[in-house]
Structure formats: structure tokens, C-alpha cells
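Quick notes on the structure that follows.
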Amino acid sequence: MKQLKLFFLTLLAGSVFFQSCKDEVQEPNPNSQLNVLFNHQVNNMLLDFDTTQYTNVLNQKFEVSTLRYFVSAIYLRKANGDSVLVKDIHYVDARDNIGMDIVKEVAAEQYVGLSLVFGIPARLNQTGMFTMKPESNMEWPVPMGGGYHYMKFEGKFAKTDSSIQNFQMHTGPLMAKDNSLYFTFDTPIDLKNDATITINEHLDKWMTSPNDLSLKDITKIMGNAEVQQKLMDNGHDVITLTQ
Amino acid sequence: MKKAHILSTFLLFVFASIYFSACNDDKGKEVPDAPYITTPFFLNIPEALLNADNPLTVEGIALGKRLYYDTLLDGVSGRACVQCHVQKEGFSTYASNSLPHINLAWSSAFLWNGQVEGKMEDIMLFEVKDFFEADMAKLNANATYKDLFKKAFNADKITYENTSFALAQFVRTLISADSKYDKFLLRKVSLTPSEINGMDLYYSEEGDCFHCHGTPLLTDGDFHNNGLDENPEEGRMAVTSNPQDRGRFKSPTLRNIALTAPYMHDGRFKTLEEVIDFYSEGLKYSTTIDPLMKQTHAGGVQLTTQEKADLLAFLHCFTDSTFLNNPAYASPF
């Protein structure tokens with residue numbers, strides 16, 4: 001009898017041991033995981049830095065060396081009009097593979113679309129809000145209105161005399177004007193289960209439609225309100241969404 | 001039967017002892033013989049790259065400062081940090097052309113080509129072990145240091161690691177943020193018309209200094225080929241083996257720039273005037289030149305004589321006499 005008791009006690013201790021570090025019994029997860037990937041293309045080809053020569057609408061040959069930008073106010077939309085914030089401000093450095101994805105737990109349900117801002121809306125774009133690199137290096141100088149660049153898209157191109165010239169397509173809030181671009185995609189996104197969506201940036205589209213822009217004119221443009229406006233106009237189809 | 005009894009008792013003991021220790025994360029921690037008390041030190045600055053494993057303390061900083069100024073650190077030829085990093089010269093020196101020890105609390109890549117990456121403790125470990133080849137036996141034989149390391153880290157033994165931790169604490173406190181330009185931003189002082197013109201050049205794409213030397217650190221902490229040579233040296237490529245990094249060197253901070261001559265990674269320019277001339281009309285094209293370099297084809301940004309003078313006047317606004325004279329950074333000897 002005594003041995004039986006002891007054996008029972010031993011079993012009990014064993015079972016407590018094997019249970020002790022286990023997590024609580026899992027309830028069905030009411031959330032799904034949304035993966036947002038960032039993809040960059042030129043003329044429908046995946047962006048490659050420093051080596052591939054691309055051709056723009058004006059037949060200029062160019063290479064890309066830098067692509068850094070902010071996307072902000074990324075919201076999923078529900079059928080009832082409610083929105084779910086995915087990320088407030090997100091920084092991407094395509095060359096250094098920084099910020100190439102966002103992972104977000106959201107309620108597991110069907111969404112009717114997604115909206116985002118390319119750049120940072122004026123109400124959020126305040127000098128000093130980033131104190132650490134790499135985001136802080138996107139500073140837009142206070143004498144030019146302050147805040148942060150929306151995008152630094154840089155590279156070099158061959159001029160007609162074959163000499164090489166740099167270009168710097170830097171967009172931002174010139175004198176605090178909100179030049180950021182608002183995109184709304186009415187694409188159903190089924191998040192009853194985990195899902196992945198991709199935000200694509202088509203770099204060639206910055207240079208055309210409606211304004212065909214020469215790379216010769218894409219240098220020292222930060223203080224040029226006219227070029228900033230033209231780029232904003234061209235930006236209407238720069239971002240697409242795929243699943 | 002007796003055997004079963006013994007087995008059950010043994011198993012009970014094993015399960016019980018494992019149960020009470022299985023979820024304990026503190027395994028292997030040693031209880032110190034006696035508690036030691038340090039005095040926390042708070043840097044009143046925006047977020048910086050601090051190290052939770054090496055919190056700033058008054059004792060740690062004082063020890064780091066002593067080591068910084070002490071030739072005992074050098075195991076070979078009696079050098080000290082201070083020989084290449086003099087406070088009055090912005091914690092740099094003309095002879096060494098070393099990068100200044102200013103605001104490194106925000107830095108994560110060190111030396112001109114960034115060969116040491118990580119935390120301040122990492123670069124200090126490199127300096128202690130590889131540069132100075134510090135003789136730990138010599139330090140351990142020094143009663144004063146034994147006492148100071150005990151007070152700062154509760155350490156009975158002085159090691160490369162805790163020596164680098166102490167130095168890292170001190171160097172993190174070397175913060176320059178009280179230049180004329182800082183005071184101007186706080187509306188405490190005015191700039192002269194020439195300085196204002198220089199500021200406009202600095203912060204516009206006409207002069208375009210700000211992309212690599214932006215506020216508040218006046219460096220982006222990044223690596224650039226700024227067009228010094230048609231056939232540039234390896235630079236960052238020596239670390240990454242990436243040919244695209246040829247000629248790329250770390251942007252130095254421009255804080256106290258008037259005092260940290262000579263300029264560029266090889267110290268080729270003796271004066272700020274020469275530097276401005278270079279960016280104005282001396283750029284040379286190479287395949288890895290940074291696209292931020294404007295008008296490379298024309299040699300540079302083409303400043304007028306007056307613009308050069310204005311820019312120079314503004315660069316002098318980065319001199320921080322509070323930093324240069326701060327007794328907290330001065331030699332303890």
C-alpha cells in the first residue's frame with residue numbers, strides 16, 4: 001500500500017514536471033498575420049543596383065545607386081468603413097534591404113482594400129522626430145521647410161556626349177507643402193488566414209505621364225517647386241498592389 | 001519491493017528537483033560576495049546607442065577618463081588615447097588625422113572605413129587589444145586601478161573587456177551640442193549676414209553639405225566616395241570586398257571642424273578653404289562616385305568667392321567652446 005502511494009506520488013510529480021513549462025492551452029487565434037513586402041521595378045524588371053542599365057521614356061540610359069523612401073499611414077479597410085492601421089511611418093532602403101517587409105497581426109477577416117501615403121503627410125512630418133539613422137538621414141533642411149525627404153532615388157546617366165552625370169530625385173515637403181501621394185486600392189484582401197501582399201514601386205513611372213522628365217533636369221530639385229509638382233503628378237501610378 | 005521503493009523515491013527526488021529548477025532562468029548566476037554600489041549617470045540626450053550591459057555610472061566614467069589619459073594603457077610604447085584625441089583640438093589631432101571623438105554615442109561604425117562595427121565597446125576593445133596591445137598584467141599590478149575596477153564593475157580582475165567598457169562609458173559622454181549654431185537654433189544668438197548666407201548654401205543643393213553632414217550630428221555616419229580621386233583607394237571596400245565600395249569613407253562630423261584639420265581620410269587638405277575649393281571645382285569622376293556629388297562633370301558646385309567666404313563663416317559656427325573647455329572631459333592627472 002505504502003509502495004503504491006509512493007508510486008502514485010511519483011507519477012503525479014512526473015506529470016507536473018512535464019506540464020510545468022508548457023504554455024496555456026491555446027485558444028483559436030482570432031488574428032491572422034499580414035505580410036507586406038516591398039518590391040521595386042524599372043520597366044517591369046526587378047530593380048538592380050549599380051550594374052543594370054535602364055532606359056527611360058526619353059531614351060536616356062541610367063543606373064540606380066540609391067533608393068530610400070518613406071511610406072506612411074498604411075491602413076486596411078473593412079466593408080463597414082472601419083480602418084485598421086498596419087503601420088504609421090515605414091522606412092525602406094532598397095539597396096541595404098532595410099524595411100523590405102512589415103509583419104502585422106490583424107483580425108482574421110475579409111478586408112476590402114488598402115490605402116497608403118507615399119512620403120509622410122505634413123501633419124506627421126516634423127523635424128526632429130527621428131534622432132537615429134537611417135531615418136534621421138532623410139532630413140529635409142529647416143531652411144527648406146523642415147521635416148524629412150519622402151524619397152531619395154539616385155543614380156547616374158549618360159549624357160548625349162557620353163559623359164556620365166549623376167541624378168538625385170529627391171522629393172519632399174518643399175516649404176512644408178504636402179507633396180506626399182495618397183493611394184487607395186480597392187483590392188479585396190482575404191485575411192481569414194495569413195496572407196501576403198506586395199507594394200510595388202515602379203521607378204520608371206516617376207519620369208513620365210503626364211510629364212516626360214529628362215534626367216538632366218533631375219538634379220538640385222529639392223528647392224524647385226515646379227519639378228516637385230511634376231513628379232507628384234507623375235507619381236499617380238508609381239505604386240501598385242499585388243497579392 | 002525494496003528496489004521499487006528506492007526507485008520511486010529516487011524518481012520523486014529527481015522530478016521534484018528538476019521541477020523547481022526547470023523554469024528558472026537564473027541558472028549559473030553567481031551571488032557576489034558583497035554587494036557593490038555604483039552611482040547611475042544619466043546622459044540628458046535624445047536616444048543614443050547605449051549598452052544595457054554597460055550602463056553609465058559615475059565610477060565607470062571616471063575610470064574610463066583616467067584610462068583615456070593614462071599611458072599605462074599602452075603595452076608597447078607608452079601611448080595614450082589623448083595623444084591622438086586632444087580636447088582643445090576637438091578630440092582629434094593634426095598629426096594623427098584621427099576621426100574626432102565627438103558624439104560617438106550615436107555611431108555604430110568606426111574608423112575611416114568602418115572596419116569596426118557595432119557598439120562603442122567594440123571599438124574600444126579594438127583599441128585596447130589591437131591598437132594599444134594593452135598589458136593586462138601591468139594594469140592588474142596597479143593597486144589604484146584594481147580599486148577603481150572593483151568600484152566600477154565589482155571586478156577582481158582587469159580584463160580587455162572591462163577596460164573597453166570603462167573607456168566606452170567615458171567616450172559616450174563626449175557630447176558637443178552647444179556651438180554657436182546650436183544656440184542659433186535655440187534662438188539664443190543671431191548669425192551674421194555672411195553666416196546666414198553660408199547656412200543657406202550648406203542647407204540647399206547649391207552648396208549641398210547637408211546630405212552628408214545634416215543636423216544634428218552633422219554627419220550621416222555613412223560612407224561616400226566624394227570624388228577625391230580618379231582612381232580612388234579601397235576605402236570601405238577593404239571591409240566589405242564590394243567593388244562598389246571603392247573610395248567610400250566615413251563622413252566625419254563637422255562639429256568643431258575648424259579645429260580638426262587636416263581634412264579627408266588622408267589629411268590631404270590643410271585648411272577649410274582648400275576643402276571648400278575642392279567641393280566647388282576640384283571633384284574627380286570615378287565609377288563609384290556618390291550620386292550626391294553635384295555637377296561632377298563641371299568639377300563641383302561652382303561657388304563664387306563670396307559664397308566660399310560665407311560658407312567658411314558658417315562652418316566656424318560649429319565650434320563648441322563649451323565642449324572644448326568642459327572640465328568633465330579634461331585630464332584627471
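Identifiers for the C-alpha cells are assigned positionally: chains receive A, B, ... in sequence, residues are indexed from 1 per chain, and ligands are indexed from 1 in the order shown.
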
>> I need the residues of region 18-236 of chain A that end up classed as strand (DSSP E or B) by DSSP on the backbone, written out as number ranges by chain.
In response: A: 31-42, 45-46, 54-55, 61-77, 83-93, 98, 101-107, 110-111, 113-118, 139, 148, 151-158, 164-171, 181-185, 189-190, 195-202

Compile a residue-level contact table for region 128-245 of chain B against region 267-291 of chain B at a cut-off of 6 Å, reporting for every qualifying residue the shortest atom pair and its distance in Å to one decimal, with only C-alpha atoms counted, rows ordered by chain and ascending number, as JSON lines.
```
{"residue": "B:His224", "atom": "CA", "partner": "B:Asp290", "partner_atom": "CA", "distance": 5.9}
{"residue": "B:Asn225", "atom": "CA", "partner": "B:Ile289", "partner_atom": "CA", "distance": 4.9}
{"residue": "B:Gly227", "atom": "CA", "partner": "B:Lys284", "partner_atom": "CA", "distance": 4.9}
{"residue": "B:Leu228", "atom": "CA", "partner": "B:Lys284", "partner_atom": "CA", "distance": 5.9}
{"residue": "B:Asp229", "atom": "CA", "partner": "B:Lys284", "partner_atom": "CA", "distance": 5.5}
{"residue": "B:Glu230", "atom": "CA", "partner": "B:Ser286", "partner_atom": "CA", "distance": 5.1}
{"residue": "B:Gln244", "atom": "CA", "partner": "B:Thr288", "partner_atom": "CA", "distance": 5.8}
```

> Can you tell me, as a ChimeraX atom specification, what residues are no more than 7 Å from region 210-216 of chain A when counting only C-alpha atoms, ignoring any on the same chain fewer than 6 positions away?
Replying inline: /A:58,167,230,233-234

How would the residues just picked look written out with N, CA and C atoms as a tab-separated table (two decimals), in the first residue's frame?
```tsv
chain	number	residue	atom	x	y	z
A	58	LEU	N	12.65	58.97	-72.46
A	58	LEU	CA	13.39	59.86	-73.35
A	58	LEU	C	14.65	59.20	-73.90
A	167	PHE	N	22.25	61.88	-61.10
A	167	PHE	CA	20.94	62.50	-60.86
A	167	PHE	C	20.51	62.18	-59.43
A	230	LYS	N	5.72	68.40	-60.76
A	230	LYS	CA	5.68	67.48	-61.91
A	230	LYS	C	5.87	66.03	-61.44
A	233	ASP	N	2.77	64.83	-59.92
A	233	ASP	CA	1.78	64.48	-60.96
A	233	ASP	C	2.11	63.13	-61.59
A	234	ASN	N	3.38	62.92	-61.85
A	234	ASN	CA	3.79	61.63	-62.46
A	234	ASN	C	3.58	60.46	-61.50
```

> Which residues, written as a PyMOL selection string, have at least one atom at most 9 Å from region 249-260 of chain B, with only C-alpha atoms counted and residues fewer than 3 positions away on the same chain left out?
Replying inline: chain B and resi 88-94+97-100+102-103+109-114+176-177+179+212-213+217-226+235-236+245-246+263-265+271-272+315-321+324

> Which is closer to chain A than all the others in B:Leu191, B:Leu49, B:Ala137, B:Ile61, using only C-alpha atoms?
Replying inline: B:Leu49

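Residues with any atom within 10 Å of region 128-130 of chain A, counting only C-alpha atoms and excluding same-chain neighbours fewer than 2 positions away, are Leu124, Asn125, Gln126, Met132, Lys133, Pro134, Glu135, Ser136, Asn137, Met138, Glu139, Gly146, Gly147 and Tyr148 of chain A; Pro46, Glu47, Thr215 and Pro216 of chain B.
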
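Once Ala48 (chain B) and its same-chain neighbours fewer than 5 positions away are set aside, Thr131 and Met132 of chain A; Ala105, Trp106 and Ser107 of chain B remain within 9 Å of it when counting only C-alpha atoms.
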
Can you spit out the residues from that selection as a PDB file, in the first residue's frame, using N, CA and C atoms?
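Heads up, here's the output in part_32.pdb:
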```
ATOM      1  N   THR A 131      15.766  60.599 -34.451  1.00  0.00           N
ATOM      2  CA  THR A 131      17.078  61.008 -33.949  1.00  0.00           C
ATOM      3  C   THR A 131      18.153  60.001 -34.328  1.00  0.00           C
ATOM      4  N   MET A 132      17.747  58.859 -34.834  1.00  0.00           N
ATOM      5  CA  MET A 132      18.723  57.822 -35.174  1.00  0.00           C
ATOM      6  C   MET A 132      18.697  57.548 -36.668  1.00  0.00           C
TER       7      MET A 132
ATOM      8  N   ALA B 105      28.327  58.560 -29.306  1.00  0.00           N
ATOM      9  CA  ALA B 105      27.234  57.803 -28.681  1.00  0.00           C
ATOM     10  C   ALA B 105      26.169  57.427 -29.706  1.00  0.00           C
ATOM     11  N   TRP B 106      26.224  58.076 -30.878  1.00  0.00           N
ATOM     12  CA  TRP B 106      25.235  57.766 -31.921  1.00  0.00           C
ATOM     13  C   TRP B 106      25.855  56.975 -33.079  1.00  0.00           C
ATOM     14  N   SER B 107      27.070  56.539 -32.903  1.00  0.00           N
ATOM     15  CA  SER B 107      27.766  55.905 -34.021  1.00  0.00           C
ATOM     16  C   SER B 107      27.766  54.383 -33.880  1.00  0.00           C
TER      17      SER B 107
END
```

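For region 50-228 of chain A, a DSSP pass over the backbone yields alpha helix (DSSP H) at Ala225, Glu226, Val227 and Gln228 of chain A.
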
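Here CA of Glu63 (chain A) and CA of Asp204 (chain A) stand 11.5 Å from one another.
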
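Nearest residue to chain A among B:Ile45, B:His85, B:Tyr68, B:Val76 is B:Ile45, counting only C-alpha atoms.
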
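CA of Ser204 (chain B) lies 11.5 Å from CA of Leu174 (chain A).
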
>> Set the distance at 8 Å and use only C-alpha atoms: which residues neighbour Leu174 (chain B) once local chain neighbours fewer than 3 positions away are removed? I'd like the list as a ChimeraX atom specification.
In response: /B:101-104,170-171,323,329
